[in-house]
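Just run20.pdb here, PDB, C-alpha atoms:
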ATOM      1  CA  MET A1114       7.497  17.522  -9.560  1.00  0.00           C
ATOM      2  CA  ALA A1115       6.749  15.040  -6.760  1.00  0.00           C
ATOM      3  CA  ALA A1116       6.362  12.198  -9.243  1.00  0.00           C
ATOM      4  CA  ASP A1117       9.741  13.043 -10.775  1.00  0.00           C
ATOM      5  CA  TRP A1118      11.337  13.038  -7.332  1.00  0.00           C
ATOM      6  CA  LEU A1119       9.773   9.687  -6.422  1.00  0.00           C
ATOM      7  CA  THR A1120      11.040   8.157  -9.668  1.00  0.00           C
ATOM      8  CA  TYR A1121      14.524   9.517  -9.020  1.00  0.00           C
ATOM      9  CA  ARG A1122      14.458   8.421  -5.381  1.00  0.00           C
ATOM     10  CA  HIS A1123      13.411   4.876  -6.267  1.00  0.00           C
ATOM     11  CA  ARG A1124      16.095   4.664  -8.960  1.00  0.00           C
ATOM     12  CA  ARG A1125      18.802   6.068  -6.664  1.00  0.00           C
ATOM     13  CA  TRP A1126      17.829   4.158  -3.487  1.00  0.00           C
ATOM     14  CA  PRO A1127      15.654   1.195  -4.578  1.00  0.00           C
ATOM     15  CA  THR A1128      15.944  -0.589  -1.234  1.00  0.00           C
ATOM     16  CA  SER A1129      15.581   2.434   1.033  1.00  0.00           C
ATOM     17  CA  ALA A1130      13.812   1.625   4.271  1.00  0.00           C
ATOM     18  CA  ASN A1131      13.518   5.285   5.284  1.00  0.00           C
ATOM     19  CA  PRO A1132       9.808   6.239   5.194  1.00  0.00           C
ATOM     20  CA  HIS A1133      10.415   9.953   4.667  1.00  0.00           C
ATOM     21  CA  LEU A1134       9.740  11.443   1.259  1.00  0.00           C
ATOM     22  CA  LEU A1135      12.973  13.408   1.254  1.00  0.00           C
ATOM     23  CA  VAL A1136      16.149  11.498   1.981  1.00  0.00           C
ATOM     24  CA  THR A1137      19.854  11.929   1.413  1.00  0.00           C
ATOM     25  CA  GLN A1138      22.672   9.496   0.795  1.00  0.00           C
ATOM     26  CA  LYS A1139      23.173   9.297   4.565  1.00  0.00           C
ATOM     27  CA  THR A1140      19.508   8.932   5.589  1.00  0.00           C
ATOM     28  CA  ALA A1141      18.180   6.668   2.809  1.00  0.00           C
ATOM     29  CA  PRO A1142      19.456   3.323   4.178  1.00  0.00           C
ATOM     30  CA  ASP A1143      18.380   3.874   7.785  1.00  0.00           C
ATOM     31  CA  PRO A1144      14.658   3.955   8.707  1.00  0.00           C
ATOM     32  CA  ASP A1145      15.531   5.557  12.061  1.00  0.00           C
ATOM     33  CA  CYS A1146      17.213   8.586  10.485  1.00  0.00           C
ATOM     34  CA  PRO A1147      15.203  11.779  10.521  1.00  0.00           C
ATOM     35  CA  ALA A1148      13.948  13.519   7.419  1.00  0.00           C
ATOM     36  CA  VAL A1149      16.195  15.957   5.614  1.00  0.00           C
ATOM     37  CA  HIS A1150      16.930  18.927   7.865  1.00  0.00           C
ATOM     38  CA  ARG A1151      14.950  22.134   7.320  1.00  0.00           C
ATOM     39  CA  ILE A1152      18.122  24.177   6.698  1.00  0.00           C
ATOM     40  CA  THR A1153      19.208  21.764   3.972  1.00  0.00           C
ATOM     41  CA  MET A1154      15.843  22.142   2.250  1.00  0.00           C
ATOM     42  CA  GLN A1155      15.980  25.925   2.421  1.00  0.00           C
ATOM     43  CA  LYS A1156      19.301  25.817   0.583  1.00  0.00           C
ATOM     44  CA  VAL A1157      17.881  23.859  -2.364  1.00  0.00           C
ATOM     45  CA  LEU A1158      14.468  25.525  -2.699  1.00  0.00           C
ATOM     46  CA  PRO A1159      14.030  28.157  -5.414  1.00  0.00           C
ATOM     47  CA  LYS A1160      14.597  31.726  -4.233  1.00  0.00           C
ATOM     48  CA  GLY A1161      11.550  33.104  -2.422  1.00  0.00           C
ATOM     49  CA  GLN A1162      10.011  29.658  -1.853  1.00  0.00           C
ATOM     50  CA  THR A1163       9.536  28.338   1.689  1.00  0.00           C
ATOM     51  CA  LEU A1164       8.709  24.920   3.040  1.00  0.00           C
ATOM     52  CA  ASP A1165       5.433  26.269   4.434  1.00  0.00           C
ATOM     53  CA  ARG A1166       4.411  27.664   1.039  1.00  0.00           C
ATOM     54  CA  LEU A1167       5.393  24.393  -0.609  1.00  0.00           C
ATOM     55  CA  ARG A1168       3.188  22.485   1.853  1.00  0.00           C
ATOM     56  CA  GLN A1169       0.268  24.878   1.372  1.00  0.00           C
ATOM     57  CA  ASP A1170       0.588  24.517  -2.384  1.00  0.00           C
ATOM     58  CA  ARG A1171       0.596  20.732  -2.076  1.00  0.00           C
ATOM     59  CA  ILE A1172      -2.535  20.766   0.115  1.00  0.00           C
ATOM     60  CA  LEU A1173      -4.339  23.112  -2.283  1.00  0.00           C
ATOM     61  CA  ASP A1174      -3.360  20.927  -5.246  1.00  0.00           C
ATOM     62  CA  GLU A1175      -4.811  17.893  -3.473  1.00  0.00           C
ATOM     63  CA  ALA A1176      -7.973  19.884  -2.680  1.00  0.00           C
ATOM     64  CA  PHE A1177      -8.355  20.680  -6.408  1.00  0.00           C
ATOM     65  CA  THR A1178      -7.728  17.055  -7.313  1.00  0.00           C
ATOM     66  CA  THR A1179     -10.055  15.362  -4.839  1.00  0.00           C
ATOM     67  CA  GLY A1180     -12.262  17.996  -3.221  1.00  0.00           C
ATOM     68  CA  ASP A1181     -12.410  15.636  -0.242  1.00  0.00           C
ATOM     69  CA  PRO A1182     -11.783  17.272   3.148  1.00  0.00           C
ATOM     70  CA  LEU A1183     -11.434  13.895   4.884  1.00  0.00           C
ATOM     71  CA  LYS A1184      -8.630  12.901   2.557  1.00  0.00           C
ATOM     72  CA  LEU A1185      -6.892  16.222   3.228  1.00  0.00           C
ATOM     73  CA  MET A1186      -7.209  15.662   6.970  1.00  0.00           C
ATOM     74  CA  ARG A1187      -5.713  12.173   6.733  1.00  0.00           C
ATOM     75  CA  LEU A1188      -2.911  13.034   4.304  1.00  0.00           C
ATOM     76  CA  PHE A1189      -1.746  16.250   5.910  1.00  0.00           C
ATOM     77  CA  GLY A1190      -2.859  15.979   9.536  1.00  0.00           C
ATOM     78  CA  ILE A1191      -4.920  19.166   9.349  1.00  0.00           C
ATOM     79  CA  THR A1192      -8.108  20.028  11.212  1.00  0.00           C
ATOM     80  CA  GLU A1193     -11.595  19.817   9.760  1.00  0.00           C
ATOM     81  CA  GLN A1194     -11.837  23.613   9.596  1.00  0.00           C
ATOM     82  CA  THR A1195      -8.539  23.910   7.738  1.00  0.00           C
ATOM     83  CA  ALA A1196      -9.499  21.153   5.303  1.00  0.00           C
ATOM     84  CA  MET A1197     -12.813  22.876   4.606  1.00  0.00           C
ATOM     85  CA  ARG A1198     -11.017  26.180   3.916  1.00  0.00           C
ATOM     86  CA  TYR A1199      -8.830  24.469   1.317  1.00  0.00           C
ATOM     87  CA  VAL A1200     -11.846  22.808  -0.318  1.00  0.00           C
ATOM     88  CA  ALA A1201     -13.696  26.140  -0.310  1.00  0.00           C
ATOM     89  CA  ALA A1202     -10.696  27.805  -1.977  1.00  0.00           C
ATOM     90  CA  ALA A1203     -10.557  25.064  -4.601  1.00  0.00           C
ATOM     91  CA  TYR A1204     -14.323  24.884  -5.182  1.00  0.00           C
ATOM     92  CA  PRO A1205     -15.995  28.119  -4.055  1.00  0.00           C
ATOM     93  CA  GLU A1206     -19.190  27.215  -5.897  1.00  0.00           C
ATOM     94  CA  ARG A1207     -19.672  24.146  -3.685  1.00  0.00           C
ATOM     95  CA  THR A1208     -19.503  26.035  -0.425  1.00  0.00           C
ATOM     96  CA  ALA A1209     -21.071  29.371  -1.361  1.00  0.00           C
ATOM     97  CA  ARG A1210     -24.463  28.347   0.020  1.00  0.00           C
ATOM     98  CA  LEU A1211     -23.242  26.782   3.247  1.00  0.00           C
ATOM     99  CA  PRO A1212     -24.207  28.588   6.458  1.00  0.00           C
ATOM    100  CA  ARG A1213     -21.314  30.463   8.046  1.00  0.00           C
TER     101      ARG A1213
END
What is this file in structure tokens?
Amino acid sequence: MAADWLTYRHRRWPTSANPHLLVTQKTAPDPDCPAVHRITMQKVLPKGQTLDRLRQDRILDEAFTTGDPLKLMRLFGITEQTAMRYVAAAYPERTARLPR
């Protein structure tokens, strides 16, 4: 899903200077424009899906892919404890013997 969006975004706005992942026709050309507004995103998300759940799903997917809490911390700006919870959810066998 993210890869499809990035392909579309690059095709639609190949010279976009806006660093945000999600852009619109108005925000793509200007690097100082904010990301797409939260209300706009809620309108286009599938019914029952929230931005928070989408973010949690993305973090968990990265935890499954890498299993690296440091990478999770850097990519998502989460704390060490939160990163370790995601890794433990993705790989319970790795953390089952760790002291609590």
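The shell of residues at most 7 Å from segment 1164-1178 of chain A, with only C-alpha atoms counted and near chain neighbours (fewer than 4 positions) removed, consists of Tyr1199, Val1200 and Ala1203 of chain A.
Of note, atom CA of His1123 of chain A and atom CA of Gln1155 of chain A are spaced 22.9 Å apart.
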query: Neighbours of segment 1137-1147 of chain A within 12 Å (only C-alpha atoms; same-chain residues fewer than 3 positions away dropped), as a list of chain:residue names?
result: A:Tyr1121, A:Arg1122, A:His1123, A:Arg1125, A:Trp1126, A:Pro1127, A:Thr1128, A:Ser1129, A:Ala1130, A:Asn1131, A:Pro1132, A:His1133, A:Leu1134, A:His1150, A:Arg1151, A:Thr1153, A:Met1154
message: Using Å and a single decimal, report how far atom CA of Arg1207 of chain A sits from atom CA of Gly1190 of chain A.
response: 22.9 Å
message: the PyMOL selection byres ((chain A and resi 1183) around 12) - which residues does that actually catch in the file I just gave you? List them as a PyMOL selection string.
response: chain A and resi 1175-1176+1179-1182+1184-1197+1199-1200
message: Rounded to one decimal, what separation in Å do you get between atom CA of Pro1205 of chain A and atom CA of Thr1163 of chain A?
response: 26.2 Å
First collect every listed atom of segment 1168-1173 of chain A; then fit an axis-aligned box around them, widen it by 6 Å on each side, and give centre and edge lengths in Å to one decimal, as AutoDock Vina command-line options.
--center_x -0.6 --center_y 22.8 --center_z -0.3 --size_x 19.5 --size_y 16.1 --size_z 16.2
